>>> print(open('entry.cif').read())   # mmCIF, C-alpha atoms
data_start
#
loop_
_atom_site.label_atom_id
_atom_site.label_comp_id
_atom_site.auth_asym_id
_atom_site.auth_seq_id
_atom_site.Cartn_x
_atom_site.Cartn_y
_atom_site.Cartn_z
CA MET A 28 0.00 0.00 0.00
CA GLU A 29 1.32 3.40 -0.93
CA LEU A 30 1.20 5.95 1.84
CA GLU A 31 -0.73 9.14 1.13
CA TRP A 32 2.25 11.46 1.39
CA LEU A 33 3.83 9.73 -1.62
CA GLN A 34 0.83 10.41 -3.84
CA GLY A 35 2.04 13.95 -4.55
CA PHE A 36 5.13 12.65 -6.35
CA ASP A 37 5.45 11.36 -9.91
CA GLU A 38 6.94 7.93 -10.61
CA ARG A 39 10.43 9.25 -11.23
CA GLN A 40 10.42 11.10 -7.92
CA LYS A 41 9.12 8.02 -6.10
CA GLU A 42 11.97 6.00 -7.60
CA GLU A 43 14.43 8.63 -6.42
CA ILE A 44 13.04 8.38 -2.88
CA ALA A 45 13.25 4.57 -3.03
CA PHE A 46 16.84 4.76 -4.25
CA ALA A 47 17.76 7.18 -1.47
CA ARG A 48 16.41 4.71 1.07
CA LEU A 49 18.29 1.82 -0.51
CA TYR A 50 21.50 3.88 -0.61
CA ALA A 51 21.17 4.92 3.04
CA GLN A 52 20.45 1.37 4.20
CA GLN A 53 22.93 -0.62 2.13
CA PHE A 54 25.63 1.55 0.64
CA ALA A 55 26.24 5.03 2.11
CA HIS A 56 29.84 4.94 0.93
CA GLY A 57 30.23 8.67 0.37
CA THR A 58 29.31 9.06 -3.29
CA VAL A 59 28.32 12.37 -4.85
CA GLY A 60 25.05 13.39 -3.22
CA HIS A 61 25.72 11.31 -0.10
CA ASN A 62 24.26 13.87 2.32
CA GLN A 63 21.25 14.57 0.11
CA LEU A 64 20.44 10.87 -0.29
CA ASN A 65 20.68 10.30 3.45
CA LEU A 66 18.50 13.34 4.11
CA ILE A 67 15.84 12.19 1.63
CA ALA A 68 15.83 8.73 3.21
CA LYS A 69 15.48 10.10 6.75
CA LEU A 70 12.68 12.47 5.74
CA ALA A 71 10.84 9.68 3.93
CA ASP A 72 11.13 7.42 6.99
CA LYS A 73 9.77 10.18 9.22
CA LEU A 74 6.88 10.83 6.84
CA ASP A 75 6.07 7.11 6.80
CA ALA A 76 5.99 7.05 10.59
CA MET A 77 3.78 10.12 10.75
CA GLN A 78 1.39 8.67 8.18
CA GLN A 79 1.15 5.42 10.14
CA LYS A 80 0.32 7.40 13.30
CA ILE A 81 -2.41 9.25 11.41
CA TYR A 82 -3.86 5.95 10.16
CA SER A 83 -3.79 4.59 13.70
CA LEU A 84 -5.52 7.66 15.15
CA GLU A 85 -8.15 7.56 12.40
CA ALA A 86 -8.82 3.89 13.11
CA GLN A 87 -9.15 4.59 16.84
CA SER A 88 -11.59 7.44 16.25
CA ASN A 89 -13.65 5.29 13.87
CA ASN A 90 -13.89 2.56 16.51
CA ALA A 91 -14.89 4.95 19.28
#
>>> encode(input="entry.cif", output="structure tokens")
Amino acid sequence: MELEWLQGFDERQKEEIAFARLYAQQFAHGTVGHNQLNLIAKLADKLDAMQQKIYSLEAQSNNA
């Protein structure tokens, strides 16, 4: 399932975000754009976490 925050990006941008995550998790060897890729990955992870919290709060309010 694609999280809502990703819906504002086109496919090329989504692939760039996915690559940044892969780079940060598995490579991170100091290539050109190292800091930018790590920043993109961290921001994407934080947005995922925030979106999951929103989903959880929405589910709780729907069950109340």
>>> resolve_selection(input="entry.cif", expression="the PyMOL selection byres ((chain A and resi 65) around 12)", output="PyMOL selection string")
chain A and resi 43-64+66-72
>>> atom_distance(input="entry.cif", atom1="CA of Glu31 in chain A", atom2="CA of Leu84 in chain A")
14.9 Å
>>> atom_distance(input="entry.cif", atom1="CA of Gly35 in chain A", atom2="CA of Ser83 in chain A")
21.3 Å
>>> atom_distance(input="entry.cif", atom1="CA of Leu30 in chain A", atom2="CA of Tyr82 in chain A")
9.7 Å
>>> axis_aligned_box(input="entry.cif", around="range 43-59 of chain A", padding_each_side="5 Å", output="lines of an AutoDock Vina configuration file")
center_x = 21.6
center_y = 5.9
center_z = -1.1
size_x = 27.2
size_y = 23.0
size_z = 20.6
>>> build_atoms(input="entry.cif", residues="range 62-87 of chain A", atoms="N, CA and C atoms", output="short mmCIF file (atom, residue, chain, number, x, y, z; two decimals), in the frame of the given file")
data_model
loop_
_atom_site.label_atom_id
_atom_site.label_comp_id
_atom_site.auth_asym_id
_atom_site.auth_seq_id
_atom_site.Cartn_x
_atom_site.Cartn_y
_atom_site.Cartn_z
N ASN A 62 25.07 13.20 1.29
CA ASN A 62 24.26 13.87 2.32
C ASN A 62 22.82 14.04 1.88
N GLN A 63 22.61 14.38 0.60
CA GLN A 63 21.25 14.57 0.11
C GLN A 63 20.48 13.25 0.13
N LEU A 64 21.11 12.17 -0.28
CA LEU A 64 20.44 10.87 -0.29
C LEU A 64 20.08 10.44 1.13
N ASN A 65 20.98 10.65 2.05
CA ASN A 65 20.68 10.30 3.45
C ASN A 65 19.56 11.17 4.01
N LEU A 66 19.55 12.44 3.66
CA LEU A 66 18.50 13.34 4.11
C LEU A 66 17.15 12.93 3.54
N ILE A 67 17.09 12.63 2.26
CA ILE A 67 15.84 12.19 1.63
C ILE A 67 15.33 10.92 2.32
N ALA A 68 16.22 9.98 2.56
CA ALA A 68 15.83 8.73 3.21
C ALA A 68 15.27 8.98 4.61
N LYS A 69 15.94 9.81 5.39
CA LYS A 69 15.48 10.10 6.75
C LYS A 69 14.12 10.80 6.73
N LEU A 70 13.96 11.77 5.84
CA LEU A 70 12.68 12.47 5.74
C LEU A 70 11.57 11.52 5.32
N ALA A 71 11.84 10.65 4.37
CA ALA A 71 10.84 9.68 3.93
C ALA A 71 10.45 8.74 5.07
N ASP A 72 11.42 8.29 5.84
CA ASP A 72 11.13 7.42 6.99
C ASP A 72 10.26 8.14 8.01
N LYS A 73 10.57 9.41 8.27
CA LYS A 73 9.77 10.18 9.22
C LYS A 73 8.35 10.40 8.71
N LEU A 74 8.21 10.67 7.42
CA LEU A 74 6.88 10.83 6.84
C LEU A 74 6.09 9.53 6.91
N ASP A 75 6.74 8.40 6.67
CA ASP A 75 6.07 7.11 6.80
C ASP A 75 5.54 6.93 8.22
N ALA A 76 6.38 7.21 9.19
CA ALA A 76 5.99 7.05 10.59
C ALA A 76 4.82 7.96 10.95
N MET A 77 4.88 9.19 10.48
CA MET A 77 3.78 10.12 10.75
C MET A 77 2.49 9.65 10.10
N GLN A 78 2.58 9.16 8.87
CA GLN A 78 1.39 8.67 8.18
C GLN A 78 0.80 7.48 8.91
N GLN A 79 1.64 6.58 9.39
CA GLN A 79 1.15 5.42 10.14
C GLN A 79 0.45 5.86 11.43
N LYS A 80 0.97 6.88 12.09
CA LYS A 80 0.32 7.40 13.30
C LYS A 80 -1.05 7.98 12.96
N ILE A 81 -1.13 8.68 11.85
CA ILE A 81 -2.41 9.25 11.41
C ILE A 81 -3.41 8.14 11.15
N TYR A 82 -2.98 7.09 10.43
CA TYR A 82 -3.86 5.95 10.16
C TYR A 82 -4.35 5.33 11.47
N SER A 83 -3.44 5.19 12.42
CA SER A 83 -3.79 4.59 13.70
C SER A 83 -4.81 5.45 14.46
N LEU A 84 -4.59 6.75 14.48
CA LEU A 84 -5.52 7.66 15.15
C LEU A 84 -6.88 7.66 14.46
N GLU A 85 -6.89 7.62 13.14
CA GLU A 85 -8.15 7.56 12.40
C GLU A 85 -8.91 6.28 12.72
N ALA A 86 -8.19 5.17 12.80
CA ALA A 86 -8.82 3.89 13.11
C ALA A 86 -9.40 3.92 14.51
N GLN A 87 -8.67 4.50 15.46
CA GLN A 87 -9.15 4.59 16.84
C GLN A 87 -10.41 5.45 16.92
#
